[in-house]
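Student: Mind looking over this structure? Questions follow.
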Amino acid sequence: MRVLEQFVERPRDCAYLANRAASLDVRVMLDVTSSELERLLERGWRRFGPIYFRPVCTQCAECVSLRVLADRFAPNKSQRRAERASAGLRRVIGPPLVDDARLALYAKWHASREDRRGWDPNPQNRRRYALELAFPHPCAREAAFYDDERGGALVAVGLFDVTESALSAIFFYYDPQYARQSLGTANVVSLVRDAAAAGRRHVYLGYRVAGCPSLRYKAAFRPNELLHGRPGGLDESADWRSSESASSADVSEGSPETRSALAPTPS
């Protein structure tokens, strides 16, 4: 891997928890191999385009990396319902793309978040989308959902990475008209089932923040493991421990996301 830039953010207001300061350790890197990405994921790093990051907040440790044990996954009632609700959509896996349909869908989704959740505007253009959401990487994949009953309309897009033994959910956006179908949940269920079918052990869902309702849903994908501590280099062992704290009350429709100064909503 080639490190082009490395820095630690100055503390800023946390997007998840009130009255908290947040800071990310950030690396801009190229030529990251599949095995290197997997080692980064195991140590709590996330990828968003060419940017790799993890929290280094000095007075808070609420962002905890979570991964699902794919071969033991048992969907709960709401997850099964979301899977059934999306069964009529056509799901296509391929490399991430950037086109007018994706830009329009992203704009529609983000506008709904601005209206309902008070998000700041975050306009996308082809160049920015290509850098942040369709950056060329050997592990990068896209799951596009189409509604053939609406003439094959694109209604959701999920970005994820594939390594030898894991999948990593990166970003998900969808047509707000389909909010009742819980497509974010259905997307994660599909990823976990894909991983299990391919013999991959884990699906990384980014950071669970127990005090943030939009991120608590991750703990409902069980069984799962949480990363304890913050390993230093890639050769330092990572301490993943089984979590038994999740409950059905943790389910909340959403997508793997972290609102950062660097990118729209990475997880």
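Convention: chains lettered A, B, ... in structure tokens order; per-chain residue numbering from 1; ligands numbered from 1 as shown.
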Show me, as a list in words, the residues that have an atom within 6 Å of Gly49 in chain A when counting only C-alpha atoms, minus same-chain residues fewer than 5 positions from it.
Tutor: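 Neighbouring residues, sequence-local ones excluded: Leu131, Glu132 and Phe135 of chain A.
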Student: Would you mind exporting C-alpha atoms of the selected residues as a CSV table (one decimal), in the first residue's frame?
Tutor:
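Wrote it out as selection-v2.csv, contents follow:
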chain,number,residue,atom,x,y,z
A,131,LEU,CA,-14.1,9.6,-6.0
A,132,GLU,CA,-16.2,8.8,-3.0
A,135,PHE,CA,-13.4,4.8,-6.6
Student: How would you write, as a ChimeraX atom specification, the set of residues in range 85-235 of chain A that DSSP gives as strand (DSSP E or B)?
Tutor: /A:90-94,140-147,153-162,166-174,202-208,224-228
Student: Only C-alpha atoms, please: the residues just picked out, written as an mmCIF file, in the first residue's frame.
Tutor:
data_model
loop_
_atom_site.group_PDB
_atom_site.id
_atom_site.type_symbol
_atom_site.label_atom_id
_atom_site.label_comp_id
_atom_site.auth_asym_id
_atom_site.auth_seq_id
_atom_site.Cartn_x
_atom_site.Cartn_y
_atom_site.Cartn_z
ATOM 1 C CA ARG A 90 -33.956 -7.421 -8.866
ATOM 2 C CA ARG A 91 -30.527 -7.283 -7.207
ATOM 3 C CA VAL A 92 -27.480 -6.917 -9.458
ATOM 4 C CA ILE A 93 -23.899 -7.213 -8.174
ATOM 5 C CA GLY A 94 -21.070 -5.555 -10.081
ATOM 6 C CA ALA A 140 -15.115 -2.657 -4.426
ATOM 7 C CA ARG A 141 -18.585 -3.925 -5.342
ATOM 8 C CA GLU A 142 -22.062 -2.488 -5.774
ATOM 9 C CA ALA A 143 -25.452 -4.081 -5.148
ATOM 10 C CA ALA A 144 -28.037 -2.275 -7.282
ATOM 11 C CA PHE A 145 -31.735 -2.899 -6.646
ATOM 12 C CA TYR A 146 -34.217 -2.478 -9.520
ATOM 13 C CA ASP A 147 -38.012 -2.484 -9.488
ATOM 14 C CA ALA A 153 -36.244 1.786 -12.054
ATOM 15 C CA LEU A 154 -33.146 1.930 -9.865
ATOM 16 C CA VAL A 155 -34.455 2.156 -6.283
ATOM 17 C CA ALA A 156 -31.441 1.415 -4.061
ATOM 18 C CA VAL A 157 -27.672 1.096 -4.173
ATOM 19 C CA GLY A 158 -25.410 -0.568 -1.630
ATOM 20 C CA LEU A 159 -21.627 -0.232 -1.763
ATOM 21 C CA PHE A 160 -19.465 -2.902 -0.142
ATOM 22 C CA ASP A 161 -16.011 -4.475 -0.198
ATOM 23 C CA VAL A 162 -15.125 -8.118 -0.745
ATOM 24 C CA ALA A 166 -15.213 -11.089 4.677
ATOM 25 C CA LEU A 167 -17.611 -8.545 3.242
ATOM 26 C CA SER A 168 -17.663 -4.968 4.479
ATOM 27 C CA ALA A 169 -20.769 -2.781 4.117
ATOM 28 C CA ILE A 170 -19.751 0.761 3.198
ATOM 29 C CA PHE A 171 -22.724 2.856 2.166
ATOM 30 C CA PHE A 172 -26.379 2.476 1.251
ATOM 31 C CA TYR A 173 -28.961 4.853 -0.203
ATOM 32 C CA TYR A 174 -32.445 4.316 -1.583
ATOM 33 C CA HIS A 202 -17.598 -12.103 8.614
ATOM 34 C CA VAL A 203 -19.612 -9.121 7.461
ATOM 35 C CA TYR A 204 -18.303 -5.824 8.834
ATOM 36 C CA LEU A 205 -21.014 -3.251 9.526
ATOM 37 C CA GLY A 206 -18.867 -0.348 10.619
ATOM 38 C CA TYR A 207 -19.361 1.244 14.021
ATOM 39 C CA ARG A 208 -22.075 0.542 16.525
ATOM 40 C CA ASN A 224 -21.911 -10.614 16.228
ATOM 41 C CA GLU A 225 -18.556 -9.629 17.632
ATOM 42 C CA LEU A 226 -17.224 -6.292 18.884
ATOM 43 C CA LEU A 227 -13.653 -5.054 18.662
ATOM 44 C CA HIS A 228 -12.116 -4.251 22.026
#
Student: Using the chain letters and numbers from this document, which residues of range 149-249 of chain A does DSSP assign to alpha helix (DSSP H), as a ChimeraX atom specification?
Tutor: /A:183-197,213-216
Student: Could the residues in this selection be written to a file with N, CA and C atoms, as an mmCIF file, in the first residue's frame?
Tutor:
data_model
loop_
_atom_site.group_PDB
_atom_site.id
_atom_site.type_symbol
_atom_site.label_atom_id
_atom_site.label_comp_id
_atom_site.auth_asym_id
_atom_site.auth_seq_id
_atom_site.Cartn_x
_atom_site.Cartn_y
_atom_site.Cartn_z
ATOM 1 N N LEU A 183 -35.323 -1.294 3.230
ATOM 2 C CA LEU A 183 -34.319 -1.788 2.287
ATOM 3 C C LEU A 183 -32.920 -1.817 2.889
ATOM 4 N N GLY A 184 -32.629 -0.907 3.836
ATOM 5 C CA GLY A 184 -31.324 -0.947 4.486
ATOM 6 C C GLY A 184 -31.105 -2.258 5.215
ATOM 7 N N THR A 185 -32.126 -2.700 5.933
ATOM 8 C CA THR A 185 -32.046 -3.979 6.630
ATOM 9 C C THR A 185 -31.944 -5.133 5.637
ATOM 10 N N ALA A 186 -32.762 -5.099 4.586
ATOM 11 C CA ALA A 186 -32.724 -6.162 3.579
ATOM 12 C C ALA A 186 -31.361 -6.232 2.907
ATOM 13 N N ASN A 187 -30.734 -5.086 2.692
ATOM 14 C CA ASN A 187 -29.406 -5.075 2.083
ATOM 15 C C ASN A 187 -28.387 -5.808 2.951
ATOM 16 N N VAL A 188 -28.420 -5.554 4.250
ATOM 17 C CA VAL A 188 -27.480 -6.220 5.149
ATOM 18 C C VAL A 188 -27.756 -7.721 5.199
ATOM 19 N N VAL A 189 -29.032 -8.099 5.271
ATOM 20 C CA VAL A 189 -29.367 -9.532 5.265
ATOM 21 C C VAL A 189 -28.807 -10.201 4.014
ATOM 22 N N SER A 190 -28.944 -9.540 2.863
ATOM 23 C CA SER A 190 -28.429 -10.103 1.618
ATOM 24 C C SER A 190 -26.922 -10.260 1.669
ATOM 25 N N LEU A 191 -26.219 -9.281 2.229
ATOM 26 C CA LEU A 191 -24.768 -9.371 2.324
ATOM 27 C C LEU A 191 -24.339 -10.523 3.227
ATOM 28 N N VAL A 192 -25.031 -10.690 4.336
ATOM 29 C CA VAL A 192 -24.667 -11.779 5.252
ATOM 30 C C VAL A 192 -24.932 -13.129 4.592
ATOM 31 N N ARG A 193 -26.034 -13.243 3.891
ATOM 32 C CA ARG A 193 -26.324 -14.500 3.197
ATOM 33 C C ARG A 193 -25.304 -14.748 2.080
ATOM 34 N N ASP A 194 -24.901 -13.698 1.363
ATOM 35 C CA ASP A 194 -23.878 -13.844 0.327
ATOM 36 C C ASP A 194 -22.572 -14.345 0.921
ATOM 37 N N ALA A 195 -22.185 -13.748 2.046
ATOM 38 C CA ALA A 195 -20.932 -14.140 2.688
ATOM 39 C C ALA A 195 -20.972 -15.605 3.116
ATOM 40 N N ALA A 196 -22.063 -16.011 3.744
ATOM 41 C CA ALA A 196 -22.181 -17.399 4.198
ATOM 42 C C ALA A 196 -22.135 -18.365 3.024
ATOM 43 N N ALA A 197 -22.816 -18.020 1.938
ATOM 44 C CA ALA A 197 -22.847 -18.904 0.771
ATOM 45 C C ALA A 197 -21.469 -19.062 0.143
ATOM 46 N N PRO A 213 -29.633 6.220 17.948
ATOM 47 C CA PRO A 213 -30.697 5.339 17.454
ATOM 48 C C PRO A 213 -30.498 4.854 16.025
ATOM 49 N N SER A 214 -29.934 5.704 15.146
ATOM 50 C CA SER A 214 -29.806 5.301 13.746
ATOM 51 C C SER A 214 -28.710 4.270 13.532
ATOM 52 N N LEU A 215 -27.878 4.003 14.537
ATOM 53 C CA LEU A 215 -26.807 3.014 14.402
ATOM 54 C C LEU A 215 -26.997 1.798 15.299
ATOM 55 N N ARG A 216 -27.963 1.848 16.205
ATOM 56 C CA ARG A 216 -28.152 0.722 17.119
ATOM 57 C C ARG A 216 -28.622 -0.532 16.396
#
Student: At what distance in Å, to one decimal, does CA of Ser65 in chain A lie from CA of Tyr106 in chain A?
Tutor: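 Taking CA of Tyr106 in chain A and CA of Ser65 in chain A, their separation equals 25.8 Å.
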Student: Do you have the CA of Gln181 in chain A-CA of Lys218 in chain A distance handy?
Tutor: 17.2 Å
Student: Using only C-alpha atoms, which residue out of A:His110, A:Arg80, A:Arg39, A:Arg102 lies closest to Pro123 in chain A?
Tutor: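 Answer, going by the shortest atom-to-atom distance: A:His110.
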Student: Quick one: residues within 12 Å of Gly233 in chain A, only C-alpha atoms counted, chain neighbours fewer than 4 positions away excluded, as a ChimeraX atom specification?
Tutor: /A:36,39-40,42-45,237-238
Student: For Leu97 in chain A, which residue out of A:Ala22, A:Ile51, A:Val68, A:Ala130 is the nearest one, using only C-alpha atoms?
Tutor: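 Answer, going by the shortest atom-to-atom distance: A:Ala130.
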